[in-house]
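Peer 1: Right, I'll just put the structure down here and ask away after.
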Amino acid sequence: MPTKVENLLQQRPVFLIVGVRGFGESLRDAGHQVVFLDWSPPAGGDPKLAALLDDLL
Amino acid sequence: MVRTTVIRKNRYLDSVFLMQVARRIAGQPGLRDASALMATEANRKVLASLGYGDGGRDADFATAGPNDLVLAIEGEAAAVAAIAADADAWLARGSGAASMAAREPRTIPEAVAGRPDCTLAVISVPGEHAAREARLALEAGLHVFLFSSNVSVEDELALKTEARRRGLLVMGPDCGTAYLGGAGIGFANAVRPGSIGIIGPSGTGMQEFACLVHRFGAGISHGIGTGSRDLSDAIGGISTMMGLDALEADPATRLIAVISKPPGEATTARLWERLRRCAKPVVLCLLGAEPGAIEAPGASPLAGAEGTIHVAATLDEAVCLALEELGLPGSAQLRPDGEALRRQAAFATGQLAPEQRHIRGLFAGGTLCYQSQAIFRRAGLAVCSNAPLSGMRQLPDPWVSLGDSFVDLGAGLFVEGRPHPMIDASLRRERLEQEGQDPSVAVLLLDFILGAMSSGDPVGGLLEAILGAQHAAIRKGGRLCVVASVCGTEDDPQGLQNQTRALEEAGVLVFPSHALAAAFCVEVMLQLRNRKEVH
């Protein structure tokens, strides 16, 4: 049975874009399936607070 | 002329989008300049030096942080006021508005719940948030392409260990390029599909290798990025080993090229052990390895137990070995012709003024900066660099060149909160103008990287600065020797021939690969050294 990484090479990936939209736009323009995330820094931009919240949830 | 800044607290937009906003604003009547940036300390420093935010003294400007957005505008008072009053409209997503019509998911779990067919997360958020997003992606069952830099070694190890446990691949951090399932991800070039699979640490090394392979008629099956620290002993080559397993099993791949800086000692042994078990031929390109250090411990590097292992010291050598192994002709152009290079270098050196004695390399591609240092070191020449190879000197201030210097302008310091120099030429242009005013500069070494994500006209972004620097040298009675290579293919949006021709028409010496460009520079510097000794 092929591994997940082997499957990644064999199948057309479906991309989730987290950050620079340009990465997804060039893939979409080349005919690939792309999902965009409307990303903004979590917890008001405080990574430590974000980690604390992640632990709580 | 007036300057003003508009601050938007807790408003995040990516650096590439902000660059496009700034360009649209700067093109408005009555405006002279515009910048739209996240207010990182480095960006605030640059804007303050240009006189924005009352030279940094304005309280709102001075207290803005990396999660706040700053719009800086210079021009006629009425035009500046009009833009400032309408700032939010300018910062709206413009052409991207259509995709915003349906609300986009805000978190990775939400996105995957809505689209369970997602397979790969492409993450390029600021480094301090990148590990969290990568972890969320892995938990959602996604492979990860992690473009972000400034991720700690501890976070990288934790992510890759967790990924391996789940059978998932983490490409990165600081991963610029990958080719998977027919898709070029990140800074990828339009190369033909083929039978060579690549595993490489970051971006430009893989791009240069893939473009040269394409130019000589072969193609790429897949390119797996690993991140620049993957083969360090701290990480132990987790992604490299997973990539090797997958490419070995991949029916389209006939040969595997592994491009890397020298691995850590313990990882070297593990890598050789794995490569010797590989059933397919391998070309191992170890950039910057000390002479003799690329021998396999306790075994001949050419004697793989199953396939054949070839070892190369430059990307060009790796391309030649791969093509030869596959029985494909035509790579002779990539073998340096010492005599021809010496003649060409003698001509260039003969035009220099006596005080012109230094080389300045301004690189968009980190791997090309690294490879150039390796080629110089092999010839016994030393340079300073902000990303020094062992044996080279650390540049004390990365913003100012010193003697012979190679600067990687894509290094973390230069790209924090602003687009990479492959996308936005402005930082390299400013640095080139700086070098052009230095009468001791004899040679400028440049790289131009094409591809879907790169600037629409990489050469055009620097051409005026190149011509300015050349004219400045002529006015001082010398000539500036500008040397370059263009990494790309005819199928890239910018077109390899167009970009090459524009450089050649400006008197730039353009070589078919960056290793050849660096080899030419070595000849010039050796002849300059002899000239000094003669005088």
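Naming works like this for the structure tokens: A, B, ... for the chains as they're shown, residue 1 at the start of each chain, ligands 1 onward in shown order.
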Write out as a ChimeraX atom specification every residue belonging to chain A that has an atom at most 7 Å from any atom of chain B, counting only C-alpha atoms.
Peer 2: /A:4-6,9-20,23,26,36-40,44-45,47
Peer 1: Can you pull out every residue from stretch 79-295 of chain B that DSSP, working from the backbone, puts in strand (DSSP E or B), and format the result as a VMD selection string?
Peer 2: chain B and resid 120 to 123 143 to 146 170 to 171 177 to 180 183 to 186 193 to 200 220 to 225 255 to 260 282 to 286
Peer 1: Could you write out, as a list in words, all the residues of chain A that DSSP marks as alpha helix (DSSP H)?
Peer 2: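 Restricting chain A to alpha helix (DSSP H) produces Lys4, Val5, Glu6, Asn7, Leu8, Leu9, Gln10, Arg21, Gly22, Phe23, Gly24, Glu25, Ser26, Leu27, Arg28, Asp29, Pro47, Lys48, Leu49, Ala50, Ala51, Leu52, Leu53, Asp54, Asp55 and Leu56 of chain A.
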Peer 1: Got time to write the residues from that selection, C-alpha atoms, as a CSV table (one decimal), in the first residue's frame?
Peer 2:
```csv
chain,number,residue,atom,x,y,z
A,4,LYS,CA,1.0,9.1,2.3
A,5,VAL,CA,4.1,10.7,0.8
A,6,GLU,CA,4.0,8.4,-2.2
A,7,ASN,CA,0.3,9.4,-2.7
A,8,LEU,CA,1.4,13.1,-2.5
A,9,LEU,CA,3.6,12.5,-5.5
A,10,GLN,CA,1.1,10.5,-7.5
A,21,ARG,CA,-1.8,34.8,-1.5
A,22,GLY,CA,0.5,35.0,-4.5
A,23,PHE,CA,1.7,31.4,-3.8
A,24,GLY,CA,-1.9,30.3,-4.4
A,25,GLU,CA,-2.7,32.6,-7.2
A,26,SER,CA,0.2,31.2,-9.3
A,27,LEU,CA,-1.0,27.6,-8.6
A,28,ARG,CA,-4.6,28.5,-9.4
A,29,ASP,CA,-3.5,30.2,-12.6
A,47,PRO,CA,2.5,33.8,19.8
A,48,LYS,CA,2.8,32.9,23.6
A,49,LEU,CA,-0.9,33.8,24.2
A,50,ALA,CA,-1.9,31.8,21.1
A,51,ALA,CA,0.0,28.8,22.5
A,52,LEU,CA,-1.7,29.1,25.8
A,53,LEU,CA,-5.1,29.3,24.2
A,54,ASP,CA,-4.3,26.3,22.0
A,55,ASP,CA,-3.5,24.3,25.2
A,56,LEU,CA,-6.8,25.4,26.7
```
Peer 1: As number ranges by chain, please: the residues near B:Trp399 (cut-off 10 Å, only C-alpha atoms, same-chain neighbours under 6 positions excluded).
Peer 2: B: 386, 407, 409, 413-414, 431
Peer 1: Report, in Å to a single decimal, how far apart atom CA of B:Ile199 and atom CA of B:Cys369 are.
Peer 2: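 According to the coordinates, atom CA of B:Cys369 and atom CA of B:Ile199 are separated by 19.1 Å.
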Peer 1: Just want the 12 Å neighbourhood of B:Val483, counted on only C-alpha atoms, with same-chain residues fewer than 2 positions away dropped. Output as a ChimeraX atom specification.
Peer 2: /B:344-345,348,359-363,442-448,466,470,480-481,485-486,500,503-504,506-522,524
Peer 1: Selected residues, N, CA and C atoms, written as a short mmCIF file (atom, residue, chain, number, x, y, z; two decimals), in the first residue's frame, please.
Peer 2:
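Heads up, here's the output in again30.cif:
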```cif
data_model
loop_
_atom_site.label_atom_id
_atom_site.label_comp_id
_atom_site.auth_asym_id
_atom_site.auth_seq_id
_atom_site.Cartn_x
_atom_site.Cartn_y
_atom_site.Cartn_z
N GLN B 344 38.86 35.82 -21.78
CA GLN B 344 37.76 36.76 -21.56
C GLN B 344 38.04 37.62 -20.32
N ALA B 345 38.60 36.98 -19.30
CA ALA B 345 38.91 37.71 -18.06
C ALA B 345 40.03 38.72 -18.30
N ALA B 348 38.56 41.80 -19.82
CA ALA B 348 37.81 42.60 -18.83
C ALA B 348 38.76 43.30 -17.87
N ILE B 359 35.49 42.59 -5.75
CA ILE B 359 34.26 42.01 -6.31
C ILE B 359 33.14 42.16 -5.28
N ARG B 360 31.96 42.48 -5.78
CA ARG B 360 30.79 42.54 -4.92
C ARG B 360 29.71 41.64 -5.56
N GLY B 361 29.31 40.64 -4.85
CA GLY B 361 28.24 39.76 -5.31
C GLY B 361 26.96 40.12 -4.58
N LEU B 362 25.92 40.43 -5.32
CA LEU B 362 24.62 40.76 -4.72
C LEU B 362 23.63 39.71 -5.19
N PHE B 363 23.26 38.83 -4.26
CA PHE B 363 22.50 37.62 -4.66
C PHE B 363 21.06 37.68 -4.21
N ALA B 442 35.51 46.49 -8.88
CA ALA B 442 35.88 46.10 -10.25
C ALA B 442 34.80 45.22 -10.88
N VAL B 443 34.23 44.32 -10.08
CA VAL B 443 33.32 43.31 -10.61
C VAL B 443 32.04 43.27 -9.78
N LEU B 444 30.92 43.23 -10.48
CA LEU B 444 29.63 42.99 -9.81
C LEU B 444 29.13 41.64 -10.29
N LEU B 445 28.81 40.76 -9.35
CA LEU B 445 28.27 39.44 -9.70
C LEU B 445 26.81 39.38 -9.27
N LEU B 446 25.92 39.09 -10.23
CA LEU B 446 24.48 39.12 -9.96
C LEU B 446 23.83 37.82 -10.42
N ASP B 447 22.69 37.50 -9.81
CA ASP B 447 21.87 36.39 -10.29
C ASP B 447 20.46 36.92 -10.57
N PHE B 448 19.83 36.37 -11.57
CA PHE B 448 18.45 36.75 -11.88
C PHE B 448 17.62 35.47 -11.94
N ILE B 466 22.26 49.26 -12.93
CA ILE B 466 23.46 48.69 -13.55
C ILE B 466 24.10 49.73 -14.47
N GLN B 470 27.75 51.49 -14.21
CA GLN B 470 28.73 51.40 -15.31
C GLN B 470 29.20 52.80 -15.71
N LEU B 480 33.21 49.03 -15.30
CA LEU B 480 32.70 48.09 -14.30
C LEU B 480 32.39 46.78 -15.01
N CYS B 481 32.95 45.71 -14.52
CA CYS B 481 32.70 44.41 -15.13
C CYS B 481 31.48 43.80 -14.44
N SER B 485 24.09 35.58 -14.33
CA SER B 485 23.44 34.43 -14.97
C SER B 485 21.94 34.60 -14.78
N VAL B 486 21.18 33.96 -15.64
CA VAL B 486 19.73 34.01 -15.53
C VAL B 486 19.24 32.59 -15.30
N THR B 500 17.87 37.64 -20.83
CA THR B 500 19.29 37.55 -21.16
C THR B 500 19.69 38.66 -22.13
N LEU B 503 20.09 42.09 -20.58
CA LEU B 503 21.37 42.22 -19.87
C LEU B 503 22.52 42.41 -20.84
N GLU B 504 22.53 41.60 -21.89
CA GLU B 504 23.64 41.67 -22.85
C GLU B 504 23.68 43.03 -23.54
N ALA B 506 22.95 45.71 -22.25
CA ALA B 506 23.49 46.69 -21.29
C ALA B 506 24.98 46.41 -21.02
N GLY B 507 25.57 45.49 -21.78
CA GLY B 507 27.00 45.22 -21.62
C GLY B 507 27.32 44.26 -20.49
N VAL B 508 26.32 43.56 -19.98
CA VAL B 508 26.56 42.60 -18.91
C VAL B 508 27.04 41.28 -19.52
N LEU B 509 28.03 40.66 -18.90
CA LEU B 509 28.51 39.35 -19.36
C LEU B 509 27.60 38.29 -18.76
N VAL B 510 26.81 37.63 -19.60
CA VAL B 510 25.83 36.66 -19.10
C VAL B 510 26.33 35.25 -19.40
N PHE B 511 26.39 34.42 -18.37
CA PHE B 511 26.88 33.05 -18.51
C PHE B 511 25.70 32.07 -18.43
N PRO B 512 25.86 30.87 -19.04
CA PRO B 512 24.73 29.93 -19.08
C PRO B 512 24.35 29.36 -17.72
N SER B 513 25.24 29.47 -16.75
CA SER B 513 24.90 29.00 -15.40
C SER B 513 25.59 29.91 -14.40
N HIS B 514 25.14 29.84 -13.15
CA HIS B 514 25.79 30.72 -12.18
C HIS B 514 27.16 30.20 -11.77
N ALA B 515 27.36 28.89 -11.83
CA ALA B 515 28.70 28.35 -11.52
C ALA B 515 29.71 28.85 -12.54
N LEU B 516 29.31 28.94 -13.81
CA LEU B 516 30.23 29.45 -14.84
C LEU B 516 30.48 30.93 -14.63
N ALA B 517 29.45 31.68 -14.24
CA ALA B 517 29.64 33.11 -13.96
C ALA B 517 30.64 33.28 -12.82
N ALA B 518 30.52 32.46 -11.79
CA ALA B 518 31.44 32.54 -10.65
C ALA B 518 32.85 32.12 -11.07
N ALA B 519 32.94 31.09 -11.95
CA ALA B 519 34.26 30.63 -12.42
C ALA B 519 34.95 31.75 -13.20
N PHE B 520 34.17 32.51 -13.99
CA PHE B 520 34.74 33.65 -14.71
C PHE B 520 35.25 34.70 -13.72
N CYS B 521 34.46 34.97 -12.69
CA CYS B 521 34.87 35.97 -11.68
C CYS B 521 36.16 35.55 -10.97
N VAL B 522 36.30 34.25 -10.74
CA VAL B 522 37.54 33.74 -10.14
C VAL B 522 38.72 34.13 -11.02
N VAL B 524 38.97 36.59 -13.17
CA VAL B 524 39.21 38.04 -13.10
C VAL B 524 39.94 38.38 -11.80
#
```
Peer 1: How many Å separate atom CA of B:Gly27 from atom CA of B:Gly461?
Peer 2: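 Interatomic distance here is 15.9 Å.
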Peer 1: Rank B:Met241, B:Glu435, B:Ala113, B:Arg192 by their smallest atom-to-atom distance to B:Val170, using only C-alpha atoms, and report the top residue only.
Peer 2: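 Residue with the minimum atom-to-atom distance to B:Val170: B:Met241.
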